[in-house]
>>> print(open('final_1.txt').read())   # compact mmCIF, C-alpha atoms and all ligand atoms
# COMPACT_ATOMS: atom_id res chain seq x y z
CA MET A 234 0.00 0.00 0.00
CA GLY A 235 1.44 3.38 -1.00
CA ARG A 236 1.65 6.25 1.46
CA GLU A 237 -1.37 7.96 -0.05
CA GLU A 238 -3.45 4.78 0.05
CA LYS A 239 -2.56 4.31 3.70
CA GLN A 240 -3.73 7.83 4.43
CA MET A 241 -6.94 7.12 2.58
CA ALA A 242 -7.63 3.98 4.59
CA GLY A 243 -8.75 6.14 7.51
CA VAL A 244 -11.11 8.29 5.42
CA ASP A 245 -14.88 7.75 5.45
CA ARG A 246 -16.08 5.64 2.54
CA GLY A 247 -18.20 8.29 0.87
CA THR A 248 -15.18 10.41 0.03
CA VAL A 249 -12.86 7.64 -1.12
CA GLY A 250 -13.91 7.92 -4.75
CA VAL A 251 -13.36 11.64 -4.71
CA MET A 252 -10.04 11.25 -2.90
CA ALA A 253 -8.82 8.64 -5.37
CA GLU A 254 -9.52 11.04 -8.20
CA SER A 255 -7.86 13.90 -6.37
CA SER A 256 -4.68 11.90 -5.76
CA LYS A 257 -3.80 12.84 -9.33
CA LEU A 258 -5.78 16.05 -9.55
CA HIS A 259 -5.72 18.10 -6.37
CA MET A 260 -8.88 19.86 -5.29
CA GLY A 261 -7.07 21.98 -2.76
CA TYR A 262 -5.81 25.21 -4.31
CA ALA A 263 -2.98 25.45 -1.78
CA GLU A 264 -2.02 21.77 -2.24
CA GLU A 265 -0.75 22.68 -5.71
CA THR A 266 2.76 24.03 -6.24
CA CYS A 267 3.72 27.29 -7.94
CA PHE A 268 4.67 25.10 -10.92
CA THR A 269 1.32 23.29 -11.15
CA ILE A 270 -1.32 25.82 -10.08
CA GLY A 271 -1.19 27.67 -13.40
CA LYS A 272 -2.30 24.52 -15.22
CA ARG A 273 -5.31 24.16 -12.91
CA ILE A 274 -6.57 27.73 -13.06
CA ALA A 275 -8.87 28.62 -15.95
CA ALA A 276 -11.72 31.06 -16.43
CA ASP A 277 -14.30 28.28 -16.03
CA VAL A 278 -12.68 26.60 -13.02
CA PRO A 279 -14.51 27.85 -9.91
CA VAL A 280 -12.41 28.60 -6.83
CA ILE A 281 -14.32 28.07 -3.61
CA LEU A 282 -13.57 29.81 -0.31
CA PRO A 283 -15.13 27.98 2.65
CA VAL A 284 -16.02 30.51 5.34
CA GLY A 285 -16.84 29.51 8.88
CA ALA A 286 -16.83 31.01 12.36
CA VAL A 287 -15.71 30.28 15.89
CA GLU A 288 -18.85 30.47 17.98
CA ALA A 289 -20.92 28.74 20.63
CA HIS A 290 -22.82 25.68 19.35
CA GLY A 291 -24.18 24.20 22.57
CA PRO A 292 -22.64 21.41 24.67
CA HIS A 293 -22.66 18.75 21.93
CA LEU A 294 -20.86 20.58 19.10
CA PRO A 295 -17.47 22.33 19.06
CA LEU A 296 -16.86 26.04 18.56
CA GLU A 297 -15.40 25.21 15.13
CA THR A 298 -18.61 23.54 13.88
CA ASP A 299 -19.11 26.02 11.03
CA ASN A 300 -15.49 25.61 9.93
CA LEU A 301 -15.83 21.83 9.73
CA LEU A 302 -19.09 22.10 7.80
CA ALA A 303 -17.80 24.79 5.42
CA ALA A 304 -14.57 22.92 4.62
CA ARG A 305 -16.21 19.56 4.00
CA TYR A 306 -19.16 20.97 2.05
CA ALA A 307 -16.82 23.02 -0.15
CA ARG A 308 -14.77 19.94 -1.03
CA ARG A 309 -17.90 18.08 -2.07
CA LEU A 310 -19.04 21.04 -4.13
CA ALA A 311 -15.61 21.29 -5.78
CA ALA A 312 -15.79 17.61 -6.74
CA LEU A 313 -19.17 18.21 -8.42
CA VAL A 314 -18.13 21.29 -10.40
CA ASN A 315 -14.44 20.51 -11.03
CA GLY A 316 -13.41 23.38 -8.80
CA LEU A 317 -10.57 24.23 -6.46
CA VAL A 318 -10.98 24.80 -2.73
CA LEU A 319 -9.04 27.44 -0.83
CA PRO A 320 -7.98 26.94 2.79
CA THR A 321 -10.95 27.67 5.08
CA LEU A 322 -11.36 31.17 6.45
CA PRO A 323 -12.01 30.16 10.06
CA PHE A 324 -13.35 33.44 11.48
CA GLY A 325 -16.60 35.19 10.74
CA GLN A 326 -19.00 37.86 11.89
CA VAL A 327 -20.48 36.68 15.19
CA PHE A 328 -22.82 39.26 16.66
CA SER A 329 -25.68 37.06 17.79
CA LEU A 330 -23.62 34.71 19.98
CA GLY A 331 -20.80 37.18 20.55
CA ASP A 332 -21.19 37.25 24.33
CA PHE A 333 -21.08 33.44 24.74
CA PRO A 334 -17.92 31.76 26.05
CA GLY A 335 -15.49 31.01 23.22
CA SER A 336 -17.12 33.09 20.48
CA LEU A 337 -14.78 35.27 18.39
CA SER A 338 -15.90 37.81 15.81
CA LEU A 339 -14.66 39.84 12.87
CA SER A 340 -16.56 42.98 11.91
CA ASN A 341 -18.54 42.98 8.66
CA GLU A 342 -16.07 45.59 7.44
CA THR A 343 -13.04 43.34 8.07
CA LEU A 344 -14.73 40.32 6.51
CA THR A 345 -15.70 42.36 3.45
CA ARG A 346 -12.09 43.57 3.05
CA ILE A 347 -10.80 39.98 3.26
CA VAL A 348 -13.21 38.89 0.53
CA VAL A 349 -12.30 41.80 -1.74
CA GLU A 350 -8.55 41.42 -1.25
CA LEU A 351 -8.63 37.65 -1.81
CA GLY A 352 -10.86 38.21 -4.84
CA GLU A 353 -8.39 40.72 -6.28
CA GLY A 354 -5.56 38.24 -5.82
CA LEU A 355 -7.53 35.46 -7.47
CA TYR A 356 -8.47 37.74 -10.35
CA ARG A 357 -4.78 38.44 -10.99
CA GLN A 358 -4.16 34.69 -11.05
CA GLY A 359 -6.78 34.29 -13.79
CA VAL A 360 -9.73 33.10 -11.68
CA ARG A 361 -13.10 34.29 -12.99
CA ILE A 362 -15.54 32.36 -10.77
CA PHE A 363 -15.10 32.94 -7.04
CA VAL A 364 -17.51 31.03 -4.81
CA LEU A 365 -17.93 32.13 -1.20
CA PHE A 366 -19.55 29.28 0.68
CA SER A 367 -20.39 30.13 4.27
CA ALA A 368 -21.73 27.61 6.77
CA HIS A 369 -22.51 30.55 9.06
CA LEU A 370 -25.46 32.72 8.12
CA GLY A 371 -24.08 35.75 10.00
CA ASN A 372 -21.33 36.09 7.36
CA LEU A 373 -23.69 36.62 4.45
CA THR A 374 -24.10 40.39 4.77
CA ALA A 375 -20.33 40.91 4.49
CA LEU A 376 -19.88 38.29 1.77
CA LYS A 377 -22.58 39.90 -0.35
CA GLU A 378 -20.99 43.31 0.13
CA GLY A 379 -17.57 41.93 -0.88
CA ALA A 380 -19.10 40.25 -3.94
CA ARG A 381 -20.71 43.54 -4.98
CA GLU A 382 -17.44 45.42 -4.63
CA LEU A 383 -15.62 42.83 -6.75
CA TRP A 384 -18.41 43.03 -9.33
CA ALA A 385 -17.96 46.81 -9.53
CA ARG A 386 -14.20 46.40 -10.09
CA HIS A 387 -14.23 43.41 -12.45
CA ARG A 388 -17.39 42.84 -14.44
CA ASP A 389 -15.79 39.79 -16.04
CA MET A 390 -15.51 37.96 -12.70
CA CYS A 391 -18.47 36.27 -11.06
CA THR A 392 -18.52 36.09 -7.26
CA LEU A 393 -21.18 33.91 -5.67
CA HIS A 394 -22.17 34.31 -2.02
CA MET A 395 -23.95 31.29 -0.63
CA PHE A 396 -25.22 29.49 2.42
CA TYR A 397 -26.70 25.99 1.79
CA PRO A 398 -29.19 26.85 -1.02
CA ASP A 399 -32.85 26.26 -0.07
CA LEU A 400 -31.90 24.76 3.29
CA GLN A 401 -34.98 25.88 5.22
CA LYS A 402 -37.33 24.79 2.45
CA LEU A 403 -35.72 21.35 2.31
CA ALA A 404 -35.54 21.11 6.11
CA ALA A 405 -39.34 21.33 6.22
CA ASN A 406 -39.39 17.89 4.50
CA VAL A 407 -37.45 16.18 7.29
CA ARG A 408 -37.80 18.12 10.51
CA GLU A 409 -39.73 16.67 13.44
CA SER A 410 -39.35 19.74 15.66
CA PRO A 411 -40.50 23.27 14.85
CA ALA A 412 -38.10 25.83 13.37
CA ALA A 413 -37.15 28.50 15.91
CA HIS A 414 -36.90 31.09 13.13
CA VAL A 415 -37.63 31.36 9.40
CA SER A 416 -33.94 31.48 8.42
CA TYR A 417 -31.73 30.63 11.41
CA ILE A 418 -30.67 27.09 12.09
CA HIS A 419 -28.30 26.70 14.98
CA ALA A 420 -27.02 23.66 16.90
CA CYS A 421 -30.56 22.27 16.47
CA GLU A 422 -32.14 19.23 14.82
CA ILE A 423 -31.05 20.54 11.42
CA GLU A 424 -27.49 21.75 11.97
CA THR A 425 -26.68 18.76 14.18
CA SER A 426 -27.93 16.48 11.37
CA LEU A 427 -25.57 18.23 8.95
CA MET A 428 -22.74 17.51 11.38
CA LEU A 429 -23.76 13.87 11.86
CA TYR A 430 -23.38 13.43 8.10
CA LEU A 431 -20.28 15.56 7.42
CA ALA A 432 -18.33 15.50 10.69
CA PRO A 433 -19.82 12.82 13.00
CA GLU A 434 -16.60 12.39 14.95
CA HIS A 435 -17.11 15.92 16.32
CA VAL A 436 -20.66 15.38 17.63
CA ASP A 437 -21.42 14.23 21.19
CA MET A 438 -25.09 13.19 20.98
CA ALA A 439 -25.09 12.22 24.68
CA LYS A 440 -24.91 15.95 25.42
CA ALA A 441 -27.51 17.06 22.83
CA LEU A 442 -30.26 19.27 24.28
CA ALA A 443 -33.94 19.69 23.42
CA GLU A 444 -34.64 23.43 23.56
CA ASP A 445 -37.62 25.53 22.51
CA PRO A 446 -36.44 29.15 22.63
CA LYS A 447 -39.00 31.90 22.16
CA LEU A 448 -37.61 34.77 20.14
CA PRO A 449 -38.99 38.18 21.13
CA ILE A 450 -41.34 39.85 18.64
CA ASP A 451 -38.73 42.53 17.82
CA ALA A 452 -35.83 40.08 17.23
CA ASP A 453 -35.71 40.73 13.48
CA TYR A 454 -36.17 44.46 13.83
CA THR A 455 -33.56 45.52 16.36
CA PRO A 456 -30.10 44.21 17.37
CA THR A 457 -30.89 41.20 19.57
CA PRO A 458 -28.07 39.16 21.09
CA TRP A 459 -29.21 35.58 21.44
CA SER A 460 -28.31 35.59 25.14
CA GLU A 461 -31.67 37.37 25.50
CA PHE A 462 -33.53 34.17 24.64
CA THR A 463 -31.12 31.22 25.04
CA GLN A 464 -28.62 30.18 27.70
CA THR A 465 -27.30 27.24 25.66
CA ALA A 466 -26.99 28.52 22.05
CA VAL A 467 -29.17 25.56 20.95
CA LEU A 468 -32.11 26.78 18.85
CA GLY A 469 -34.26 23.64 18.80
CA ASN A 470 -34.27 19.94 19.54
CA ALA A 471 -30.81 18.59 18.74
CA ARG A 472 -31.79 15.13 20.03
CA LEU A 473 -33.87 14.58 16.88
CA ALA A 474 -30.84 14.96 14.62
CA THR A 475 -29.88 11.99 12.43
CA GLU A 476 -27.22 11.26 9.85
CA GLU A 477 -30.01 10.41 7.36
CA LYS A 478 -31.57 13.87 7.63
CA GLY A 479 -28.10 15.36 7.23
CA ARG A 480 -27.41 13.29 4.14
CA TYR A 481 -30.65 14.43 2.48
CA LEU A 482 -30.05 18.10 3.30
CA ILE A 483 -26.41 18.13 2.26
CA GLU A 484 -26.93 16.20 -0.96
CA GLU A 485 -30.01 18.19 -2.02
CA THR A 486 -28.49 21.61 -1.24
CA LEU A 487 -25.30 20.51 -3.02
CA LYS A 488 -27.29 19.73 -6.19
CA ARG A 489 -28.67 23.25 -6.09
CA ALA A 490 -25.30 24.85 -5.34
CA ALA A 491 -23.67 22.89 -8.17
CA ALA A 492 -26.41 23.95 -10.62
CA ILE A 493 -25.80 27.62 -9.76
CA VAL A 494 -22.03 27.23 -10.22
CA GLU A 495 -22.52 25.38 -13.53
CA TYR A 496 -24.71 28.22 -14.73
CA GLU A 497 -21.88 30.66 -14.03
CA LYS A 498 -19.37 28.39 -15.80
CA GLU A 499 -21.54 28.56 -18.92
CA ARG A 500 -21.79 32.33 -18.64
CA VAL A 501 -18.00 32.70 -18.33
CA ARG A 502 -17.43 30.33 -21.29
CA SER A 503 -19.83 32.28 -23.46
CA VAL A 504 -17.78 35.49 -23.11
CA SER A 505 -14.25 34.03 -23.16
ZN ZN B 1 -23.26 26.72 12.92
>>> encode(input="final_1.txt", output="structure tokens")
Amino acid sequence: MGREEKQMAGVDRGTVGVMAESSKLHMGYAEETCFTIGKRIAADVPVILPVGAVEAHGPHLPLETDNLLAARYARRLAALVNGLVLPTLPFGQVFSLGDFPGSLSLSNETLTRIVVELGEGLYRQGVRIFVLFSAHLGNLTALKEGARELWARHRDMCTLHMFYPDLQKLAANVRESPAAHVSYIHACEIETSLMLYLAPEHVDMAKALAEDPKLPIDADYTPTPWSEFTQTAVLGNARLATEEKGRYLIEETLKRAAAIVEYEKERVRSVS
């Protein structure tokens, strides 16, 4: 068994096919060398930046939950669209859970600058499709702002800003507990299911809580730290999470994400 095969022996079975392929063709942008990266970059090769956060996720999930999800989701997306994945940006904008133990936050302004400066660098390298995938909803305001600024500077580059496409709509098909909010999912039945599918070794189901937080009527209309309505950072019943629900939600949102990226690949091809 070669060194690479030995390394692969410890990898979960679902990714082995992808890994085998990538042993010749790297998916990691930074795994390439300065001699090989130029051959991988092309206008229609999407480059994906996984964006996460370090924030409270209850007693059963680690602070780096969104980083694990973003990194592993981005690799699966890259495999579907023949893209490259950048190293994960492990910090995000964490207002809502900012006063919980362990949470760390960047301002929207800082996060926007990071997106724009990385986008400029990628543009100079020849990249024309830049995909920002965030597993943390709080990052989306800054990512969208960064994407708009890049659009204003380089009309021939497409920057996508995405969270799992259609997640809440799809979650309605599998959830057994009510959603705490129309768009937030956090350390609950849904996000814990995503973790059970993508990063099960980081979930401690014995510590999963069943919560039913009541958000105040003004929560969407005025700055509302979540410490006002939860002591645990768990927005729902994490005990109902299953790997099966996670598989459905990840695979279905991935299909949608891949379709959006493929659409942009066609657009870029039609002008180059
Ligand atoms: Zn999260």
>>> closest_residue(input="final_1.txt", among="A:Ala490, A:Leu339, A:Leu370, A:Ala312", to="ligand ZN 1 (chain B)", atoms="all atoms listed in the file")
A:Leu370
>>> residues_near_point(input="final_1.txt", point="(-29.7, 28.9, -4.1)", cutoff="12 Å", atoms="all atoms listed in the file", output="ChimeraX atom specification")
/A:366,393-403,485-494,496
>>> closest_residue(input="final_1.txt", among="A:Ser503, A:Ser410, A:Gln464, A:Ser426", to="ligand ZN 1 (chain B)", atoms="all atoms listed in the file")
A:Ser426
>>> closest_residue(input="final_1.txt", among="A:Leu473, A:Ala303, A:Ile274, A:Val318", to="Tyr262 in chain A", atoms="all atoms listed in the file")
A:Val318
>>> atom_distance(input="final_1.txt", atom1="CA of Gly352 in chain A", atom2="CA of Leu337 in chain A")
23.7 Å
>>> residues_near_ligand(input="final_1.txt", ligand="ligand ZN 1 (chain B)", cutoff="9 Å", atoms="all atoms listed in the file", output="ChimeraX atom specification")
/A:285-290,296-300,302,368-370,418-420,424-425
>>> atom_distance(input="final_1.txt", atom1="CA of His259 in chain A", atom2="CA of Leu482 in chain A")
26.2 Å
>>> residues_around(input="final_1.txt", residues="Ala311 in chain A", least_positions_apart="2", cutoff="9 Å", atoms="all atoms listed in the file", output="PyMOL selection string")
chain A and resi 260+279-281+306-309+313-318+491
>>> write_last_selection(input="final_1.txt", atoms="C-alpha atoms", output="CSV table (one decimal), in the coordinates of the input")
chain,number,residue,atom,x,y,z
A,260,MET,CA,-8.9,19.9,-5.3
A,279,PRO,CA,-14.5,27.8,-9.9
A,280,VAL,CA,-12.4,28.6,-6.8
A,281,ILE,CA,-14.3,28.1,-3.6
A,306,TYR,CA,-19.2,21.0,2.0
A,307,ALA,CA,-16.8,23.0,-0.2
A,308,ARG,CA,-14.8,19.9,-1.0
A,309,ARG,CA,-17.9,18.1,-2.1
A,313,LEU,CA,-19.2,18.2,-8.4
A,314,VAL,CA,-18.1,21.3,-10.4
A,315,ASN,CA,-14.4,20.5,-11.0
A,316,GLY,CA,-13.4,23.4,-8.8
A,317,LEU,CA,-10.6,24.2,-6.5
A,318,VAL,CA,-11.0,24.8,-2.7
A,491,ALA,CA,-23.7,22.9,-8.2
>>> atom_distance(input="final_1.txt", atom1="CA of Ala375 in chain A", atom2="CA of Leu431 in chain A")
25.5 Å
>>> closest_residue(input="final_1.txt", among="A:Arg500, A:His387, A:Lys272, A:Lys447", to="Arg357 in chain A", atoms="all atoms listed in the file")
A:His387
>>> closest_residue(input="final_1.txt", among="A:Arg273, A:Lys478, A:Arg502, A:Arg346", to="Ala405 in chain A", atoms="all atoms listed in the file")
A:Lys478
>>> residues_around(input="final_1.txt", residues="Lys440 in chain A", least_positions_apart="2", cutoff="10 Å", atoms="only C-alpha atoms", output="ChimeraX atom specification")
/A:291-294,436-438,442-443,471-472
>>> residues_around(input="final_1.txt", residues="Gly371 in chain A", least_positions_apart="3", cutoff="8 Å", atoms="only C-alpha atoms", output="PyMOL selection string")
chain A and resi 325-328+374
>>> closest_residue(input="final_1.txt", among="A:Thr345, A:Thr465, A:Thr455, A:Asn406", to="Phe333 in chain A", atoms="all atoms listed in the file")
A:Thr465
>>> build_atoms(input="final_1.txt", residues="range 353-375 of chain A", atoms="N, CA and C atoms", output="tab-separated table (two decimals), in the frame of the given file")
chain	number	residue	atom	x	y	z
A	353	GLU	N	-9.34	40.01	-5.41
A	353	GLU	CA	-8.39	40.72	-6.28
A	353	GLU	C	-7.20	39.82	-6.61
A	354	GLY	N	-6.70	39.13	-5.60
A	354	GLY	CA	-5.56	38.24	-5.82
A	354	GLY	C	-5.92	37.12	-6.78
A	355	LEU	N	-7.08	36.54	-6.60
A	355	LEU	CA	-7.53	35.46	-7.47
A	355	LEU	C	-7.73	35.96	-8.90
A	356	TYR	N	-8.27	37.16	-9.02
A	356	TYR	CA	-8.47	37.74	-10.35
A	356	TYR	C	-7.14	37.85	-11.10
A	357	ARG	N	-6.11	38.31	-10.37
A	357	ARG	CA	-4.78	38.44	-10.99
A	357	ARG	C	-4.22	37.08	-11.40
A	358	GLN	N	-4.62	36.03	-10.69
A	358	GLN	CA	-4.16	34.69	-11.05
A	358	GLN	C	-4.93	34.11	-12.24
A	359	GLY	N	-6.00	34.79	-12.65
A	359	GLY	CA	-6.78	34.29	-13.79
A	359	GLY	C	-8.11	33.67	-13.42
A	360	VAL	N	-8.45	33.68	-12.13
A	360	VAL	CA	-9.73	33.10	-11.68
A	360	VAL	C	-10.86	34.04	-12.08
A	361	ARG	N	-11.97	33.45	-12.59
A	361	ARG	CA	-13.10	34.29	-12.99
A	361	ARG	C	-14.40	33.86	-12.31
A	362	ILE	N	-14.36	32.75	-11.56
A	362	ILE	CA	-15.54	32.36	-10.77
A	362	ILE	C	-15.07	32.12	-9.34
A	363	PHE	N	-15.52	32.97	-8.44
A	363	PHE	CA	-15.10	32.94	-7.04
A	363	PHE	C	-16.36	32.61	-6.23
A	364	VAL	N	-16.33	31.49	-5.56
A	364	VAL	CA	-17.51	31.03	-4.81
A	364	VAL	C	-17.24	31.16	-3.32
A	365	LEU	N	-18.03	31.98	-2.65
A	365	LEU	CA	-17.93	32.13	-1.20
A	365	LEU	C	-18.99	31.24	-0.60
A	366	PHE	N	-18.56	30.13	0.01
A	366	PHE	CA	-19.55	29.28	0.68
A	366	PHE	C	-19.40	29.46	2.18
A	367	SER	N	-20.43	29.96	2.82
A	367	SER	CA	-20.39	30.13	4.27
A	367	SER	C	-21.36	29.18	4.95
A	368	ALA	N	-20.86	28.47	5.97
A	368	ALA	CA	-21.73	27.61	6.77
A	368	ALA	C	-22.31	28.39	7.94
A	369	HIS	N	-22.03	29.69	7.97
A	369	HIS	CA	-22.51	30.55	9.06
A	369	HIS	C	-23.29	31.71	8.45
A	370	LEU	N	-24.57	31.74	8.75
A	370	LEU	CA	-25.46	32.72	8.12
A	370	LEU	C	-25.05	34.17	8.42
A	371	GLY	N	-24.48	34.39	9.60
A	371	GLY	CA	-24.08	35.75	10.00
A	371	GLY	C	-23.04	36.38	9.08
A	372	ASN	N	-22.35	35.54	8.28
A	372	ASN	CA	-21.33	36.09	7.36
A	372	ASN	C	-21.92	36.66	6.08
A	373	LEU	N	-23.16	36.35	5.79
A	373	LEU	CA	-23.69	36.62	4.45
A	373	LEU	C	-23.77	38.10	4.09
A	374	THR	N	-24.04	38.95	5.06
A	374	THR	CA	-24.10	40.39	4.77
A	374	THR	C	-22.75	40.87	4.24
A	375	ALA	N	-21.67	40.47	4.91
A	375	ALA	CA	-20.33	40.91	4.49
A	375	ALA	C	-19.92	40.25	3.18
